[in-house]
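Structure first, commentary second.
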Amino acid sequence: MAVSVWASSSSTIPSSKYNNLFAAAAAASSSSFSNSSSLKFPLQRLPITWVCSPSPSPSRPRLLPLVKAKKQTFSSFDDLLTNSDKPVLVDFYATWCGPCQFMAPILNEVSTQLRDTIQVVKIDTEKYPSIANKYKIEALPTFIIFKDGEPYDRFEGALSADQLIQRIENSLKVKQ
Amino acid sequence: MAVSGFEGFEKRLELHFFGDDPAVIDMGLRQLEFESLEQVLHAVQCTVVSAVGNHYFDAYVLSESSLFVYPTKIIIKTCGTTQLLKSIRPLLHYAHHLGLTLCSCRYTRGSFIFPKAQPFPHTSFKEEVIYLEETLPSNLCYRKASVMPSKVPSHSWHVFTASNTNEAHMALTHPHIPDVLYTLEICMTELDRVLARKFFRRPNDNKTGDTAGKEMTEITGINDINPGALICDFAFDPCGYSMNGIIDGDRYSTIHVTPEDGYSYASFECVGSIYDDHDDVVNVLKKVVQVFRPATMSVSTTCASHEVWTRVASALEPLGLKCRSCAMDEFPAVGSVVFQAFTARRK
């Protein structure tokens, strides 16, 4: 079927048709955001090690120093893990991540349904970058089931309530 | 060929946006509330089945294919009888509220196996083009529509592009991007029957779609196509399979399978760079063929440069797939689209 052409013939098309991400990252590093949700990467493609947070300077956030205040948060998370009488399901998320928003109501439902089996905790990877860093969070959402304070099972990506319940129950059953 | 069945051939829509405020385009479309995305998908009659995100983009597996949301780019690919073009108006609306303006649109699809089953405006390419013409804002003044034929009657390639510039839109605002990407869209029909059986679920397996999907990814060898990719997969009941793969952070791949005999279909799509190792795309193509062993395969390569498409034929010919035709056309802001069709040599 022939369809008419409206535009003029194409001229030489210069280099890239890729999206704005690298440039946006470069542009972002020169502006400051108080609620920054972006990582400032140098322009070449890096293997991603994690997805969190705001770094006050354009330097690579991999080397975030542990500050006393952060240590406190850190150790309270540790406290939570070791002192919990049930296994803990931790949902690592970010506010700007669509799939994480998709999971929010599902997590509430599962948390209620499995309240005797597991404790559900959500960690905002931007607010707690050192915790996200420790567990090498790359994809969002990432779920880690902790038993006796140690990571027990881990899976990435959003899923339905049924799927999440099944995953939790299978994981705790098999390894017991 | 069956009289009617599930339409595997997808419609694919890619929209690019720009904004003046760097704070806005940093996260751009990813700032869309999930409820807003659901509204858009509702207009298209599909729902989210699985999802994962990372620093660069969000990837959703839908009830009828896939959705990828980058800060300034959104890609929706849907199959069956979805009305994909109806997503444009709500998307433009939400993007506008975020301070984003559309700068280019690309719509592509193969030929439907069951064209009469398609709803408006997908009843014909002409209707689709008219709908796009009416829906897209006038600042996209460079437009082109073309049907790229092949020597294989069941495989042809329909392309519509519209842009606010004749040049690759990136050149306007960000001339220093050091990469040239290509998109590879593969359509396969008449899949090997034995291999296609792997995409059927066992009755009463008591598994979730998620778990069954993971199994299919492994037993079919799909996990081997891009080893190390983060895969979000789903197996439909009683048959059918979808997956999105996140490769190297900002690249995706996506596979959708309709395994029923009589109208079997599988698609593979991925993004690559012309600066990748030449063997990369060759290896990917080979593995894809090994998973499905289709009798007919068409490959569309979209790229600003002319390098990639030549590697396709050289990868497929040694696997017994003979190139029947090759068509090339240039489209504003998108570059060259090369459409090649292959058929398996029968012994």
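Chain labels A, B, ... are given in the sequence in which chains occur in the structure tokens; within each chain residues are numbered consecutively from 1, and ligands are likewise numbered from 1 in the order shown.
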Residues of chain B near chain A: apply a cut-off of 6 Å, count only C-alpha atoms, and supply the list as a PDB file with C-alpha atoms, in the first residue's frame.
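Ended up saving to out_18.pdb:
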```
ATOM      1  CA  ASP B  26      16.284  14.744  35.129  1.00  0.00           C
ATOM      2  CA  GLN B  31       7.831  11.318  37.902  1.00  0.00           C
ATOM      3  CA  PHE B  34       1.846   5.119  38.847  1.00  0.00           C
ATOM      4  CA  SER B  50       5.376  -7.348  36.584  1.00  0.00           C
ATOM      5  CA  ALA B  51       7.740  -4.393  36.949  1.00  0.00           C
ATOM      6  CA  VAL B  52      11.261  -3.405  37.890  1.00  0.00           C
ATOM      7  CA  GLY B  53      13.204  -0.181  37.785  1.00  0.00           C
ATOM      8  CA  ASN B  54      16.751   1.045  38.143  1.00  0.00           C
ATOM      9  CA  HIS B  55      18.575   4.337  37.983  1.00  0.00           C
ATOM     10  CA  TYR B 142       8.348  16.493   9.735  1.00  0.00           C
ATOM     11  CA  ARG B 143       6.314  13.390   9.116  1.00  0.00           C
ATOM     12  CA  LYS B 144       6.677  10.301   7.027  1.00  0.00           C
ATOM     13  CA  GLU B 167      17.847  15.908  12.262  1.00  0.00           C
ATOM     14  CA  ALA B 168      18.287  13.333  15.008  1.00  0.00           C
ATOM     15  CA  MET B 170      19.451  14.681  20.205  1.00  0.00           C
ATOM     16  CA  ASP B 179      26.973   7.049  21.506  1.00  0.00           C
ATOM     17  CA  VAL B 180      24.948   5.986  18.478  1.00  0.00           C
ATOM     18  CA  THR B 208       2.362 -18.251  39.949  1.00  0.00           C
ATOM     19  CA  GLY B 249      21.758  -0.432  33.290  1.00  0.00           C
ATOM     20  CA  PRO B 332      13.173  12.196   9.828  1.00  0.00           C
TER      21      PRO B 332
END
```
Contact check, region 222-258 of chain B to region 57-75 of chain B, at most 10 Å, counting only C-alpha atoms, closest pairs as a Markdown table:
```
| residue | atom | partner | partner_atom | distance |
| --- | --- | --- | --- | --- |
| B:Cys232 | CA | B:Val61 | CA | 7.3 |
| B:Asp233 | CA | B:Val61 | CA | 7.4 |
| B:Phe234 | CA | B:Val61 | CA | 7.7 |
| B:Phe236 | CA | B:Ser63 | CA | 8.6 |
| B:Tyr241 | CA | B:Ser65 | CA | 9.2 |
| B:Ser242 | CA | B:Ser65 | CA | 6.6 |
| B:Met243 | CA | B:Val61 | CA | 6.6 |
| B:Asn244 | CA | B:Val61 | CA | 6.5 |
| B:Gly245 | CA | B:Ala59 | CA | 8.4 |
| B:Ile246 | CA | B:Ala59 | CA | 8.0 |
| B:Gly249 | CA | B:Phe57 | CA | 8.4 |
| B:Asp250 | CA | B:Phe57 | CA | 6.8 |
| B:Arg251 | CA | B:Phe57 | CA | 8.9 |
| B:Tyr252 | CA | B:Ala59 | CA | 8.2 |
| B:Ser253 | CA | B:Ala59 | CA | 10.0 |
| B:Thr254 | CA | B:Ser66 | CA | 7.5 |
| B:Ile255 | CA | B:Ser65 | CA | 8.4 |
| B:His256 | CA | B:Ser65 | CA | 6.6 |
| B:Val257 | CA | B:Ser65 | CA | 9.4 |
```
Can you spit out the residues from that selection as a short mmCIF file (atom, residue, chain, number, x, y, z; two decimals), in the first residue's frame, using all heavy atoms?
```cif
data_model
loop_
_atom_site.label_atom_id
_atom_site.label_comp_id
_atom_site.auth_asym_id
_atom_site.auth_seq_id
_atom_site.Cartn_x
_atom_site.Cartn_y
_atom_site.Cartn_z
N CYS B 232 12.78 -9.79 34.07
CA CYS B 232 11.46 -9.72 34.67
C CYS B 232 10.58 -10.54 33.75
O CYS B 232 10.34 -10.13 32.61
CB CYS B 232 11.04 -8.25 34.64
SG CYS B 232 10.04 -7.73 35.97
N ASP B 233 10.15 -11.73 34.17
CA ASP B 233 9.44 -12.60 33.25
C ASP B 233 8.08 -13.02 33.77
O ASP B 233 7.79 -12.91 34.95
CB ASP B 233 10.29 -13.83 32.92
CG ASP B 233 11.01 -14.38 34.15
OD1 ASP B 233 10.52 -14.16 35.29
OD2 ASP B 233 12.07 -15.01 33.99
N PHE B 234 7.25 -13.52 32.87
CA PHE B 234 5.91 -13.92 33.25
C PHE B 234 5.39 -14.95 32.27
O PHE B 234 5.54 -14.79 31.06
CB PHE B 234 4.98 -12.70 33.26
CG PHE B 234 3.69 -12.97 33.97
CD1 PHE B 234 3.60 -12.82 35.34
CD2 PHE B 234 2.56 -13.38 33.28
CE1 PHE B 234 2.42 -13.07 36.02
CE2 PHE B 234 1.37 -13.64 33.95
CZ PHE B 234 1.30 -13.49 35.33
N PHE B 236 1.99 -16.85 30.96
CA PHE B 236 0.54 -16.73 30.96
C PHE B 236 -0.11 -18.11 30.97
O PHE B 236 0.49 -19.10 30.59
CB PHE B 236 0.08 -15.91 29.75
CG PHE B 236 0.57 -14.49 29.80
CD1 PHE B 236 1.79 -14.12 29.22
CD2 PHE B 236 -0.17 -13.51 30.45
CE1 PHE B 236 2.24 -12.82 29.29
CE2 PHE B 236 0.28 -12.19 30.51
CZ PHE B 236 1.49 -11.85 29.93
N TYR B 241 4.23 -16.16 26.93
CA TYR B 241 5.36 -15.77 27.76
C TYR B 241 5.79 -14.36 27.40
O TYR B 241 5.76 -13.98 26.22
CB TYR B 241 6.51 -16.76 27.53
CG TYR B 241 7.85 -16.34 28.08
CD1 TYR B 241 8.25 -16.70 29.36
CD2 TYR B 241 8.75 -15.64 27.28
CE1 TYR B 241 9.51 -16.34 29.86
CE2 TYR B 241 10.01 -15.27 27.77
CZ TYR B 241 10.38 -15.63 29.06
OH TYR B 241 11.62 -15.27 29.54
N SER B 242 6.17 -13.60 28.42
CA SER B 242 6.71 -12.26 28.19
C SER B 242 7.88 -12.02 29.10
O SER B 242 7.90 -12.50 30.23
CB SER B 242 5.66 -11.19 28.50
OG SER B 242 4.67 -11.15 27.52
N MET B 243 8.85 -11.28 28.62
CA MET B 243 9.94 -10.88 29.51
C MET B 243 10.51 -9.54 29.10
O MET B 243 10.50 -9.17 27.93
CB MET B 243 11.05 -11.93 29.57
CG MET B 243 12.03 -11.98 28.40
SD MET B 243 13.24 -10.63 28.26
CE MET B 243 14.75 -11.48 28.43
N ASN B 244 11.00 -8.81 30.09
CA ASN B 244 11.80 -7.63 29.87
C ASN B 244 13.15 -7.90 30.49
O ASN B 244 13.22 -8.46 31.58
CB ASN B 244 11.21 -6.39 30.56
CG ASN B 244 9.95 -5.89 29.91
OD1 ASN B 244 9.67 -6.19 28.75
ND2 ASN B 244 9.17 -5.13 30.65
N GLY B 245 14.21 -7.52 29.82
CA GLY B 245 15.54 -7.69 30.39
C GLY B 245 16.18 -6.33 30.54
O GLY B 245 16.06 -5.49 29.66
N ILE B 246 16.83 -6.10 31.66
CA ILE B 246 17.60 -4.86 31.82
C ILE B 246 19.06 -5.26 31.70
O ILE B 246 19.57 -6.08 32.45
CB ILE B 246 17.34 -4.21 33.18
CG1 ILE B 246 15.88 -3.79 33.27
CG2 ILE B 246 18.25 -3.02 33.39
CD1 ILE B 246 15.52 -3.06 34.54
N GLY B 249 22.34 -1.63 32.69
CA GLY B 249 21.76 -0.43 33.29
C GLY B 249 20.74 0.31 32.48
O GLY B 249 19.61 0.47 32.88
N ASP B 250 21.13 0.83 31.29
CA ASP B 250 20.17 1.66 30.58
C ASP B 250 19.62 1.00 29.32
O ASP B 250 18.86 1.61 28.57
CB ASP B 250 20.79 3.02 30.24
CG ASP B 250 22.06 2.87 29.40
OD1 ASP B 250 22.47 1.73 29.10
OD2 ASP B 250 22.64 3.92 29.05
N ARG B 251 19.99 -0.22 29.02
CA ARG B 251 19.49 -0.90 27.85
C ARG B 251 18.46 -1.95 28.23
O ARG B 251 18.56 -2.56 29.28
CB ARG B 251 20.62 -1.58 27.11
CG ARG B 251 21.66 -0.63 26.58
CD ARG B 251 22.60 -1.39 25.70
NE ARG B 251 23.76 -0.62 25.34
CZ ARG B 251 24.75 -1.11 24.63
NH1 ARG B 251 24.69 -2.36 24.20
NH2 ARG B 251 25.78 -0.36 24.33
N TYR B 252 17.52 -2.18 27.32
CA TYR B 252 16.51 -3.19 27.60
C TYR B 252 16.49 -4.22 26.49
O TYR B 252 17.02 -3.99 25.40
CB TYR B 252 15.11 -2.52 27.70
CG TYR B 252 14.64 -1.99 26.37
CD1 TYR B 252 13.94 -2.81 25.48
CD2 TYR B 252 14.92 -0.69 25.99
CE1 TYR B 252 13.54 -2.33 24.25
CE2 TYR B 252 14.53 -0.21 24.75
CZ TYR B 252 13.84 -1.04 23.89
OH TYR B 252 13.45 -0.56 22.66
N SER B 253 15.88 -5.35 26.79
CA SER B 253 15.52 -6.29 25.73
C SER B 253 14.13 -6.78 26.11
O SER B 253 13.73 -6.68 27.27
CB SER B 253 16.49 -7.47 25.66
OG SER B 253 16.35 -8.28 26.81
N THR B 254 13.38 -7.24 25.15
CA THR B 254 12.06 -7.72 25.48
C THR B 254 11.65 -8.82 24.52
O THR B 254 11.93 -8.77 23.32
CB THR B 254 11.04 -6.55 25.50
OG1 THR B 254 9.76 -7.07 25.84
CG2 THR B 254 10.95 -5.79 24.20
N ILE B 255 11.02 -9.85 25.08
CA ILE B 255 10.61 -11.01 24.29
C ILE B 255 9.14 -11.31 24.61
O ILE B 255 8.73 -11.25 25.77
CB ILE B 255 11.43 -12.26 24.66
CG1 ILE B 255 12.89 -12.06 24.27
CG2 ILE B 255 10.86 -13.52 24.00
CD1 ILE B 255 13.79 -13.23 24.65
N HIS B 256 8.37 -11.60 23.56
CA HIS B 256 6.97 -11.99 23.77
C HIS B 256 6.67 -13.17 22.89
O HIS B 256 7.03 -13.18 21.71
CB HIS B 256 6.05 -10.81 23.46
CG HIS B 256 6.35 -9.64 24.34
ND1 HIS B 256 5.92 -9.57 25.63
CD2 HIS B 256 7.13 -8.55 24.14
CE1 HIS B 256 6.40 -8.48 26.19
NE2 HIS B 256 7.13 -7.83 25.32
N VAL B 257 5.99 -14.19 23.47
CA VAL B 257 5.77 -15.42 22.73
C VAL B 257 4.30 -15.82 22.74
O VAL B 257 3.67 -15.85 23.80
CB VAL B 257 6.59 -16.59 23.34
CG1 VAL B 257 6.47 -17.83 22.47
CG2 VAL B 257 8.04 -16.20 23.51
#
```
Do a neighbour search on Ser84 (chain A) at 9 Å with only C-alpha atoms, toss out local chain neighbours closer than 4 positions, and write the hits as a short mmCIF file (atom, residue, chain, number, x, y, z; two decimals) with N, CA and C atoms, in the first residue's frame.
```cif
data_model
loop_
_atom_site.label_atom_id
_atom_site.label_comp_id
_atom_site.auth_asym_id
_atom_site.auth_seq_id
_atom_site.Cartn_x
_atom_site.Cartn_y
_atom_site.Cartn_z
N ASP A 79 19.68 -3.43 64.60
CA ASP A 79 18.94 -3.79 65.81
C ASP A 79 17.62 -4.43 65.44
N LEU A 80 16.96 -3.79 64.52
CA LEU A 80 15.66 -4.29 64.08
C LEU A 80 15.79 -5.71 63.58
N VAL A 88 12.19 -10.98 58.61
CA VAL A 88 11.86 -9.62 58.17
C VAL A 88 11.94 -9.54 56.65
N GLN A 119 7.69 -9.82 59.32
CA GLN A 119 7.57 -8.39 59.57
C GLN A 119 8.01 -7.66 58.31
N LYS A 147 16.57 -13.53 58.00
CA LYS A 147 16.23 -14.45 59.07
C LYS A 147 17.40 -14.42 60.05
N ASP A 148 17.09 -14.26 61.32
CA ASP A 148 18.13 -14.15 62.34
C ASP A 148 19.17 -13.11 61.96
N GLY A 149 18.67 -12.02 61.42
CA GLY A 149 19.57 -10.90 61.13
C GLY A 149 20.38 -11.03 59.86
#
```
Report as a tab-separated table the residues of region 130-209 of chain B within 9 Å of region 286-301 of chain B, each with its shortest atom pair and distance in Å (one decimal), using only C-alpha atoms, ordered by chain and increasing residue number.
```
residue	atom	partner	partner_atom	distance
B:Ser150	CA	B:Ser298	CA	8.9
B:Val152	CA	B:Thr296	CA	8.3
B:His155	CA	B:Ser298	CA	6.7
B:Ser156	CA	B:Ser298	CA	8.2
B:Trp157	CA	B:Ser300	CA	7.9
B:Tyr182	CA	B:Thr301	CA	6.7
B:Thr183	CA	B:Thr301	CA	5.8
B:Leu184	CA	B:Thr301	CA	4.8
B:Glu185	CA	B:Ser300	CA	5.1
B:Ile186	CA	B:Val299	CA	4.5
B:Cys187	CA	B:Ser298	CA	5.3
B:Met188	CA	B:Met297	CA	4.4
B:Thr189	CA	B:Thr296	CA	5.4
B:Glu190	CA	B:Ala295	CA	5.3
B:Leu191	CA	B:Pro294	CA	4.1
B:Asp192	CA	B:Arg293	CA	5.3
B:Arg193	CA	B:Phe292	CA	8.9
B:Leu195	CA	B:Phe292	CA	6.2
B:Ala196	CA	B:Phe292	CA	7.0
```
Please dump the current selection as a JSON list (two decimals), in the first residue's frame; keep C-alpha atoms.
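Dumped everything to result_31.json:
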```json
[["chain", "number", "residue", "atom", "x", "y", "z"],
["B", 150, "SER", "CA", 9.43, -7.95, 1.66],
["B", 152, "VAL", "CA", 7.71, -12.86, 2.24],
["B", 155, "HIS", "CA", 5.98, -10.06, 6.77],
["B", 156, "SER", "CA", 6.05, -6.39, 5.89],
["B", 157, "TRP", "CA", 6.99, -3.42, 8.02],
["B", 182, "TYR", "CA", 20.20, 1.18, 17.22],
["B", 183, "THR", "CA", 16.97, -0.65, 17.91],
["B", 184, "LEU", "CA", 16.58, -4.20, 16.66],
["B", 185, "GLU", "CA", 13.00, -5.44, 16.24],
["B", 186, "ILE", "CA", 12.63, -9.10, 15.31],
["B", 187, "CYS", "CA", 9.37, -10.84, 14.37],
["B", 188, "MET", "CA", 9.31, -14.62, 14.08],
["B", 189, "THR", "CA", 6.47, -16.81, 12.83],
["B", 190, "GLU", "CA", 5.94, -20.54, 12.40],
["B", 191, "LEU", "CA", 8.03, -21.38, 15.44],
["B", 192, "ASP", "CA", 9.48, -24.84, 15.84],
["B", 193, "ARG", "CA", 6.65, -26.86, 17.39],
["B", 195, "LEU", "CA", 10.45, -25.58, 21.12],
["B", 196, "ALA", "CA", 7.14, -23.74, 21.25]]
```
Can you measure CA of Ala315 (chain B) to CA of Phe342 (chain B) for me? One decimal in Å is fine. 11.5 Å
Pick from A:Phe146, A:Ser76, A:Asn133, A:Ile165: nearest to Glu109 (chain A), with only C-alpha atoms counted?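 So, comparing all the options, the nearest one is A:Ile165.
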Helix (DSSP H, G or I) residues, from DSSP on the backbone, in region 176-343 of chain B, as a PyMOL selection string: chain B and resi 193-199+209-219+222-224+278-292+309-319
Pick out the residues sitting within 12 Å of Phe120 (chain B), and hand them over as a list in words; count only C-alpha atoms, and ignore anything fewer than 4 positions along from it in its own chain. Val44, Thr81, Thr82, Gln83, Leu84, Leu85, Lys86, Pro115, Lys116, Ser124, Phe125, Lys126, Glu127, Glu128, Val129, Ile130 and Tyr131 of chain B
Please identify all polymer residues within 12 Å of Ser314 (chain B), counting only C-alpha atoms, omitting same-chain residues fewer than 4 positions from it, and present them as a list in words.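 The contact residues come out as His278, Asp279, Val281, Val282, Asn283, Leu285, Lys286, Val308, Trp309, Thr310, Pro318, Leu319, Gly320, Leu321, Lys322, Cys323, Gln340 and Phe342 of chain B.
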Spatial neighbours of Pro151 (chain A), max dist 12 Å, only C-alpha atoms, sep filter under 2 positions, as a VMD selection string: chain A and resid 78 81 to 82 87 to 90 134 to 135 143 to 149 153 to 155 171 to 172
Mind giving me the straight-line distance from CA of Thr258 (chain B) to CA of Gly240 (chain B) in Å, one decimal?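 A separation of 5.1 Å between them.
Here CA of Asn223 (chain B) is placed at a distance of 13.1 Å from CA of Phe268 (chain B).
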Write out as a PDB file with N, CA and C atoms, in the first residue's frame the residues lying within 10 Å of Tyr107 (chain B), counting only C-alpha atoms and excluding same-chain residues fewer than 3 positions away.
```pdb
ATOM      1  N   LYS B  11       2.155  -3.777  18.103  1.00  0.00           N
ATOM      2  CA  LYS B  11       2.217  -2.398  17.637  1.00  0.00           C
ATOM      3  C   LYS B  11       3.202  -1.736  18.600  1.00  0.00           C
ATOM      4  N   ARG B  12       4.064  -0.930  18.090  1.00  0.00           N
ATOM      5  CA  ARG B  12       5.062  -0.313  18.967  1.00  0.00           C
ATOM      6  C   ARG B  12       5.059   1.198  18.807  1.00  0.00           C
ATOM      7  N   LEU B  13       5.053   1.880  19.933  1.00  0.00           N
ATOM      8  CA  LEU B  13       5.014   3.334  19.933  1.00  0.00           C
ATOM      9  C   LEU B  13       6.191   3.848  20.755  1.00  0.00           C
ATOM     10  N   GLU B  14       6.940   4.783  20.200  1.00  0.00           N
ATOM     11  CA  GLU B  14       8.056   5.387  20.932  1.00  0.00           C
ATOM     12  C   GLU B  14       7.891   6.899  20.886  1.00  0.00           C
ATOM     13  N   LEU B  15       7.819   7.514  22.041  1.00  0.00           N
ATOM     14  CA  LEU B  15       7.636   8.965  22.125  1.00  0.00           C
ATOM     15  C   LEU B  15       8.825   9.591  22.843  1.00  0.00           C
ATOM     16  N   ILE B  75       8.389   3.952  25.689  1.00  0.00           N
ATOM     17  CA  ILE B  75       8.199   2.953  24.639  1.00  0.00           C
ATOM     18  C   ILE B  75       7.097   2.009  25.107  1.00  0.00           C
ATOM     19  N   ILE B  76       6.041   1.892  24.290  1.00  0.00           N
ATOM     20  CA  ILE B  76       4.981   0.934  24.612  1.00  0.00           C
ATOM     21  C   ILE B  76       4.844  -0.014  23.441  1.00  0.00           C
ATOM     22  N   LYS B  77       4.789  -1.292  23.763  1.00  0.00           N
ATOM     23  CA  LYS B  77       4.685  -2.300  22.718  1.00  0.00           C
ATOM     24  C   LYS B  77       3.543  -3.203  23.165  1.00  0.00           C
ATOM     25  N   LEU B  84      -3.403   0.649  20.844  1.00  0.00           N
ATOM     26  CA  LEU B  84      -2.206   1.314  21.351  1.00  0.00           C
ATOM     27  C   LEU B  84      -2.200   2.828  21.139  1.00  0.00           C
ATOM     28  N   LEU B  85      -2.666   3.267  19.970  1.00  0.00           N
ATOM     29  CA  LEU B  85      -2.565   4.701  19.670  1.00  0.00           C
ATOM     30  C   LEU B  85      -3.399   5.544  20.618  1.00  0.00           C
ATOM     31  N   GLU B 128      -4.568   4.154  10.787  1.00  0.00           N
ATOM     32  CA  GLU B 128      -3.622   4.463  11.872  1.00  0.00           C
ATOM     33  C   GLU B 128      -2.924   5.784  11.600  1.00  0.00           C
ATOM     34  N   VAL B 129      -2.539   5.979  10.339  1.00  0.00           N
ATOM     35  CA  VAL B 129      -1.835   7.213   9.981  1.00  0.00           C
ATOM     36  C   VAL B 129      -2.756   8.415  10.149  1.00  0.00           C
ATOM     37  N   LEU B 132      -2.990   9.156  13.793  1.00  0.00           N
ATOM     38  CA  LEU B 132      -1.756   9.788  14.283  1.00  0.00           C
ATOM     39  C   LEU B 132      -1.693  11.246  13.830  1.00  0.00           C
ATOM     40  N   ALA B 145       5.325   8.392   6.442  1.00  0.00           N
ATOM     41  CA  ALA B 145       4.725   7.072   6.641  1.00  0.00           C
ATOM     42  C   ALA B 145       5.140   6.208   5.471  1.00  0.00           C
ATOM     43  N   HIS B 158       5.547  -1.633   8.745  1.00  0.00           N
ATOM     44  CA  HIS B 158       4.876  -0.343   8.647  1.00  0.00           C
ATOM     45  C   HIS B 158       5.558   0.645   9.573  1.00  0.00           C
ATOM     46  N   VAL B 159       5.911   1.816   9.035  1.00  0.00           N
ATOM     47  CA  VAL B 159       6.620   2.816   9.843  1.00  0.00           C
ATOM     48  C   VAL B 159       5.971   4.178   9.679  1.00  0.00           C
ATOM     49  N   PHE B 160       5.746   4.840  10.801  1.00  0.00           N
ATOM     50  CA  PHE B 160       5.298   6.232  10.783  1.00  0.00           C
ATOM     51  C   PHE B 160       6.186   6.997  11.746  1.00  0.00           C
ATOM     52  N   THR B 161       6.775   8.092  11.281  1.00  0.00           N
ATOM     53  CA  THR B 161       7.555   8.922  12.209  1.00  0.00           C
ATOM     54  C   THR B 161       7.112  10.367  12.076  1.00  0.00           C
ATOM     55  N   ALA B 162       7.189  11.074  13.170  1.00  0.00           N
ATOM     56  CA  ALA B 162       6.871  12.494  13.173  1.00  0.00           C
ATOM     57  C   ALA B 162       7.841  13.156  14.130  1.00  0.00           C
TER      58      ALA B 162
END
```
Could you give me the residues within region 136-236 of chain B that DSSP places in strand (DSSP E or B), as a ChimeraX atom specification? /B:142-148,157-163,181-189,200,230-235
Would you save the residues from that selection as a CSV table (one decimal), in the first residue's frame, using N, CA and C atoms?
```csv
chain,number,residue,atom,x,y,z
B,142,TYR,N,7.7,17.4,10.7
B,142,TYR,CA,8.3,16.5,9.7
B,142,TYR,C,7.8,15.1,9.9
B,143,ARG,N,7.0,14.7,9.0
B,143,ARG,CA,6.3,13.4,9.1
B,143,ARG,C,6.5,12.5,7.9
B,144,LYS,N,6.5,11.2,8.2
B,144,LYS,CA,6.7,10.3,7.0
B,144,LYS,C,6.0,9.0,7.4
B,145,ALA,N,5.3,8.4,6.4
B,145,ALA,CA,4.7,7.1,6.6
B,145,ALA,C,5.1,6.2,5.5
B,146,SER,N,5.4,5.0,5.8
B,146,SER,CA,5.9,4.1,4.7
B,146,SER,C,5.6,2.6,5.1
B,147,VAL,N,5.2,1.8,4.0
B,147,VAL,CA,5.1,0.4,4.2
B,147,VAL,C,6.3,-0.2,3.5
B,148,MET,N,7.2,-0.9,4.3
B,148,MET,CA,8.3,-1.5,3.7
B,148,MET,C,8.0,-2.9,3.4
B,157,TRP,N,6.7,-4.3,6.9
B,157,TRP,CA,7.0,-3.4,8.0
B,157,TRP,C,6.4,-2.0,7.8
B,158,HIS,N,5.5,-1.6,8.7
B,158,HIS,CA,4.9,-0.3,8.6
B,158,HIS,C,5.6,0.6,9.6
B,159,VAL,N,5.9,1.8,9.0
B,159,VAL,CA,6.6,2.8,9.8
B,159,VAL,C,6.0,4.2,9.7
B,160,PHE,N,5.7,4.8,10.8
B,160,PHE,CA,5.3,6.2,10.8
B,160,PHE,C,6.2,7.0,11.7
B,161,THR,N,6.8,8.1,11.3
B,161,THR,CA,7.6,8.9,12.2
B,161,THR,C,7.1,10.4,12.1
B,162,ALA,N,7.2,11.1,13.2
B,162,ALA,CA,6.9,12.5,13.2
B,162,ALA,C,7.8,13.2,14.1
B,163,SER,N,8.4,14.3,13.7
B,163,SER,CA,9.4,14.9,14.6
B,163,SER,C,9.3,16.5,14.4
B,181,LEU,N,23.0,4.8,19.0
B,181,LEU,CA,22.3,3.5,19.3
B,181,LEU,C,21.4,3.0,18.2
B,182,TYR,N,21.1,1.7,18.2
B,182,TYR,CA,20.2,1.2,17.2
B,182,TYR,C,19.2,0.4,18.0
B,183,THR,N,18.0,0.2,17.4
B,183,THR,CA,17.0,-0.6,17.9
B,183,THR,C,16.8,-1.8,16.9
B,184,LEU,N,16.7,-3.0,17.5
B,184,LEU,CA,16.6,-4.2,16.7
B,184,LEU,C,15.2,-4.8,17.0
B,185,GLU,N,14.3,-4.9,16.0
B,185,GLU,CA,13.0,-5.4,16.2
B,185,GLU,C,12.9,-6.7,15.4
B,186,ILE,N,12.7,-7.8,16.0
B,186,ILE,CA,12.6,-9.1,15.3
B,186,ILE,C,11.2,-9.7,15.5
B,187,CYS,N,10.7,-10.2,14.3
B,187,CYS,CA,9.4,-10.8,14.4
B,187,CYS,C,9.6,-12.2,13.8
B,188,MET,N,9.1,-13.2,14.5
B,188,MET,CA,9.3,-14.6,14.1
B,188,MET,C,8.0,-15.3,14.0
B,189,THR,N,7.7,-16.0,12.9
B,189,THR,CA,6.5,-16.8,12.8
B,189,THR,C,6.8,-18.3,12.5
B,200,PHE,N,4.2,-23.5,27.0
B,200,PHE,CA,2.9,-23.9,27.6
B,200,PHE,C,3.0,-24.2,29.0
B,230,LEU,N,19.2,-8.4,34.1
B,230,LEU,CA,18.1,-8.6,35.1
B,230,LEU,C,16.8,-8.9,34.4
B,231,ILE,N,16.2,-10.0,34.6
B,231,ILE,CA,15.1,-10.4,33.8
B,231,ILE,C,13.8,-10.4,34.7
B,232,CYS,N,12.8,-9.8,34.1
B,232,CYS,CA,11.5,-9.7,34.7
B,232,CYS,C,10.6,-10.5,33.7
B,233,ASP,N,10.1,-11.7,34.2
B,233,ASP,CA,9.4,-12.6,33.2
B,233,ASP,C,8.1,-13.0,33.8
B,234,PHE,N,7.3,-13.5,32.9
B,234,PHE,CA,5.9,-13.9,33.3
B,234,PHE,C,5.4,-15.0,32.3
B,235,ALA,N,4.8,-16.0,32.8
B,235,ALA,CA,4.2,-17.1,32.0
B,235,ALA,C,2.7,-17.0,32.1
```
